[in-house]
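Engineer: If it helps, the file is called input.cif and holds mmCIF, C-alpha atoms:
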```cif
data_data
#
loop_
_atom_site.label_atom_id
_atom_site.label_comp_id
_atom_site.auth_asym_id
_atom_site.auth_seq_id
_atom_site.Cartn_x
_atom_site.Cartn_y
_atom_site.Cartn_z
CA ALA A 23 -168.14 -103.13 77.58
CA GLY A 24 -171.88 -103.57 77.58
CA GLN A 25 -172.75 -99.90 77.08
CA ASN A 26 -175.59 -99.16 74.69
CA TRP A 27 -174.05 -96.46 72.52
CA THR A 28 -177.34 -95.79 70.74
CA GLU A 29 -178.38 -93.73 73.76
CA VAL A 30 -175.41 -91.36 73.43
CA VAL A 31 -176.24 -88.31 71.29
CA SER A 32 -174.34 -85.06 71.24
CA LYS A 33 -174.26 -81.91 69.16
CA THR A 34 -170.90 -81.41 67.47
CA PRO A 35 -168.95 -78.16 67.09
CA GLU A 36 -169.51 -78.44 63.33
CA GLY A 37 -173.28 -78.19 63.79
CA GLY A 38 -174.11 -81.87 63.36
CA TYR A 39 -175.45 -84.46 65.74
CA ARG A 40 -173.39 -87.52 66.66
CA LEU A 41 -174.86 -90.87 67.62
CA GLY A 42 -172.65 -93.31 69.48
CA ASN A 43 -169.22 -93.44 71.00
CA PRO A 44 -167.46 -90.09 70.46
CA ASP A 45 -164.13 -91.94 70.75
CA ALA A 46 -165.01 -94.64 68.21
CA ALA A 47 -162.16 -95.63 65.89
CA ILE A 48 -164.39 -94.99 62.87
CA LYS A 49 -166.29 -91.73 62.62
CA LEU A 50 -168.86 -91.66 59.83
CA VAL A 51 -170.22 -88.24 58.82
CA GLU A 52 -173.21 -87.91 56.51
CA TYR A 53 -174.01 -84.62 54.82
CA GLY A 54 -177.68 -85.25 54.16
CA SER A 55 -180.79 -83.59 52.89
CA ARG A 56 -184.13 -84.46 54.44
CA THR A 57 -185.75 -84.06 51.01
CA CYS A 58 -183.20 -86.19 49.13
CA PRO A 59 -184.64 -89.56 48.05
CA THR A 60 -181.21 -91.24 48.28
CA CYS A 61 -180.66 -89.91 51.81
CA GLY A 62 -184.17 -91.06 52.68
CA LEU A 63 -183.49 -94.56 51.37
CA PHE A 64 -180.31 -94.76 53.43
CA GLY A 65 -182.21 -93.46 56.47
CA ARG A 66 -184.89 -96.11 56.08
CA GLU A 67 -182.80 -99.11 55.03
CA GLY A 68 -179.12 -98.55 55.77
CA MET A 69 -179.16 -96.58 58.98
CA PRO A 70 -180.93 -99.22 61.12
CA LYS A 71 -178.34 -101.84 60.10
CA LEU A 72 -175.45 -99.46 60.69
CA VAL A 73 -176.72 -98.58 64.14
CA GLU A 74 -177.48 -102.17 65.12
CA GLN A 75 -174.25 -103.73 63.88
CA TYR A 76 -171.66 -101.01 64.54
CA VAL A 77 -172.83 -97.91 66.40
CA SER A 78 -174.50 -99.82 69.23
CA LYS A 79 -171.22 -101.63 69.98
CA GLY A 80 -169.16 -98.43 70.07
CA ASN A 81 -167.07 -99.31 67.02
CA VAL A 82 -168.49 -96.53 64.82
CA SER A 83 -169.98 -93.14 65.58
CA PHE A 84 -172.44 -91.62 63.12
CA GLU A 85 -172.79 -87.89 62.69
CA TYR A 86 -175.52 -86.28 60.61
CA ARG A 87 -175.05 -82.77 59.21
CA ASP A 88 -177.82 -81.09 57.26
CA PHE A 89 -176.81 -80.19 53.71
CA LEU A 90 -179.40 -77.78 52.35
CA VAL A 91 -179.41 -78.53 48.62
CA HIS A 92 -183.13 -78.18 47.87
CA GLY A 93 -183.83 -74.68 49.13
CA ALA A 94 -186.67 -73.72 51.43
CA PRO A 95 -188.04 -77.25 52.02
CA ASP A 96 -184.62 -78.38 53.28
CA LEU A 97 -184.25 -75.33 55.50
CA ALA A 98 -187.67 -75.77 57.06
CA LEU A 99 -187.15 -79.46 57.78
CA ALA A 100 -183.62 -78.93 59.11
CA LEU A 101 -184.86 -76.25 61.51
CA LEU A 102 -187.75 -78.42 62.61
CA GLY A 103 -185.34 -81.28 63.24
CA THR A 104 -183.36 -79.20 65.72
CA CYS A 105 -186.39 -78.06 67.74
CA VAL A 106 -186.16 -81.11 69.96
CA PRO A 107 -183.78 -82.11 72.74
CA ASP A 108 -180.51 -83.61 71.48
CA ALA A 109 -181.58 -87.10 72.56
CA ASN A 110 -184.58 -86.89 70.20
CA PHE A 111 -182.67 -85.71 67.13
CA PHE A 112 -182.23 -89.15 65.54
CA PRO A 113 -185.78 -90.39 66.23
CA VAL A 114 -187.13 -87.22 64.55
CA LEU A 115 -184.72 -87.66 61.62
CA GLU A 116 -185.85 -91.28 61.29
CA ALA A 117 -189.52 -90.21 61.32
CA MET A 118 -188.83 -87.63 58.61
CA PHE A 119 -187.14 -90.20 56.39
CA THR A 120 -189.89 -92.75 57.07
CA SER A 121 -192.58 -90.30 55.94
CA GLN A 122 -190.45 -88.66 53.25
CA ASN A 123 -192.46 -89.98 50.29
CA ASP A 124 -195.65 -88.46 51.74
CA TYR A 125 -194.28 -84.94 52.12
CA LEU A 126 -192.27 -85.00 48.88
CA GLN A 127 -195.47 -85.66 46.94
CA LYS A 128 -196.99 -82.52 48.46
CA LEU A 129 -193.99 -80.45 47.33
CA GLU A 130 -194.40 -81.39 43.66
#
```
Would you write the structure of this file as structure tokens?

Structural biologist:
Amino acid sequence: AGQNWTEVVSKTPEGGYRLGNPDAAIKLVEYGSRTCPTCGLFGREGMPKLVEQYVSKGNVSFEYRDFLVHGAPDLALALLGTCVPDANFFPVLEAMFTSQNDYLQKLE
């Protein structure tokens, strides 16, 4: 009780990154693309609520796995996202989704 699960990040055997209690009763896995507008919207609007209300309390763990559906841009961003220590994975992912509209315009 009282543990802040938002500080617990680990790489999973499946190649994703898990935020929260690894023993949580509910394990949510997102297969996401850093260039997908829907994934970006969830990252900007849904993820903060999910983390605040459920992950932080240890009830839900959230794992993100890159799903490279848009070719080279996805690959480059996925690789860049793993060039940081595990603890920084989710802040970098959040920053990518926050600035997604800016870099998507440059890819058009």

Engineer: Atom CA of Ser55 of chain A to atom CA of Pro107 of chain A: how many Å, to one decimal?

Structural biologist: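 Between these atoms lies a distance of 20.1 Å.
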
Engineer: Taking only C-alpha atoms into account, name the residue in A:Pro59, A:Pro70, A:Gly24, A:Gly38 that is nearest to Gly103 of chain A.

Structural biologist: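 Residue with the minimum atom-to-atom distance to Gly103 of chain A: A:Gly38.
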
Engineer: Can you turn the PyMOL selection byres ((chain A and resi 54) around 8) into a concrete residue list for this file, as a ChimeraX atom specification?

Structural biologist: /A:52-53,55-56,58,61,86-90

Engineer: As a count of residues only, please: the residues near segment 111-120 of chain A (cut-off 9 Å, all atoms listed in the file, same-chain neighbours under 6 positions excluded).

Structural biologist: 18

Engineer: For the provided coordinates, the residues matched by the PyMOL selection byres ((chain A and resi 126) around 10) should be stated as a PyMOL selection string.

Structural biologist: chain A and resi 56-59+95+121-125+127-130

Engineer: When distances are computed from only C-alpha atoms, which of A:Glu36, A:Lys49, A:Gln25, A:Asp96 shows the smallest separation from Phe84 of chain A?

Structural biologist: A:Lys49

Engineer: By how many Å are atom CA of Asp45 of chain A and atom CA of Gly80 of chain A apart?

Structural biologist: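 These atoms are spaced 8.2 Å apart.
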
Engineer: Which residues, named as in the file, does the PyMOL selection byres ((chain A and resi 79) around 8) pick out? Answer as a ChimeraX atom specification.

Structural biologist: /A:24-27,74-78,80-82

Engineer: With distances taken over all atoms listed in the file, which residue among A:Val73, A:Pro44, A:Ala94, A:Gly68 lies nearest Ser32 of chain A?

Structural biologist: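 Between A:Val73, A:Pro44, A:Ala94, A:Gly68, the residue approaching Ser32 of chain A most closely is A:Pro44.
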
Engineer: Interatomic distance between atom CA of Thr28 of chain A and atom CA of Gly42 of chain A?

Structural biologist: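 We find that atom CA of Thr28 of chain A and atom CA of Gly42 of chain A lie 5.5 Å from each other.
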
Engineer: Kindly list the centre and edge lengths in Å, rounded to one decimal, for the axis-aligned box that covers all listed atoms of segment 86-96 of chain A plus 6 Å on each of its six sides, as lines of an AutoDock Vina configuration file.

Structural biologist:
```
center_x = -181.5
center_y = -80.0
center_z = 54.2
size_x = 25.0
size_y = 24.6
size_z = 24.7
```

Engineer: Find the residue from A:Asp108, A:Ala98, A:Thr60, A:Ala46 that sits nearest to Thr34 of chain A; use all atoms listed in the file when measuring.

Structural biologist: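 Closest to Thr34 of chain A, using all atoms listed in the file: A:Asp108.
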
Engineer: Quick one: of A:Val51, A:Pro35, A:Glu29, A:Leu101, who's nearest to Ser83 of chain A, counting all atoms listed in the file?

Structural biologist: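 For Ser83 of chain A, the nearest of the candidates is A:Val51.
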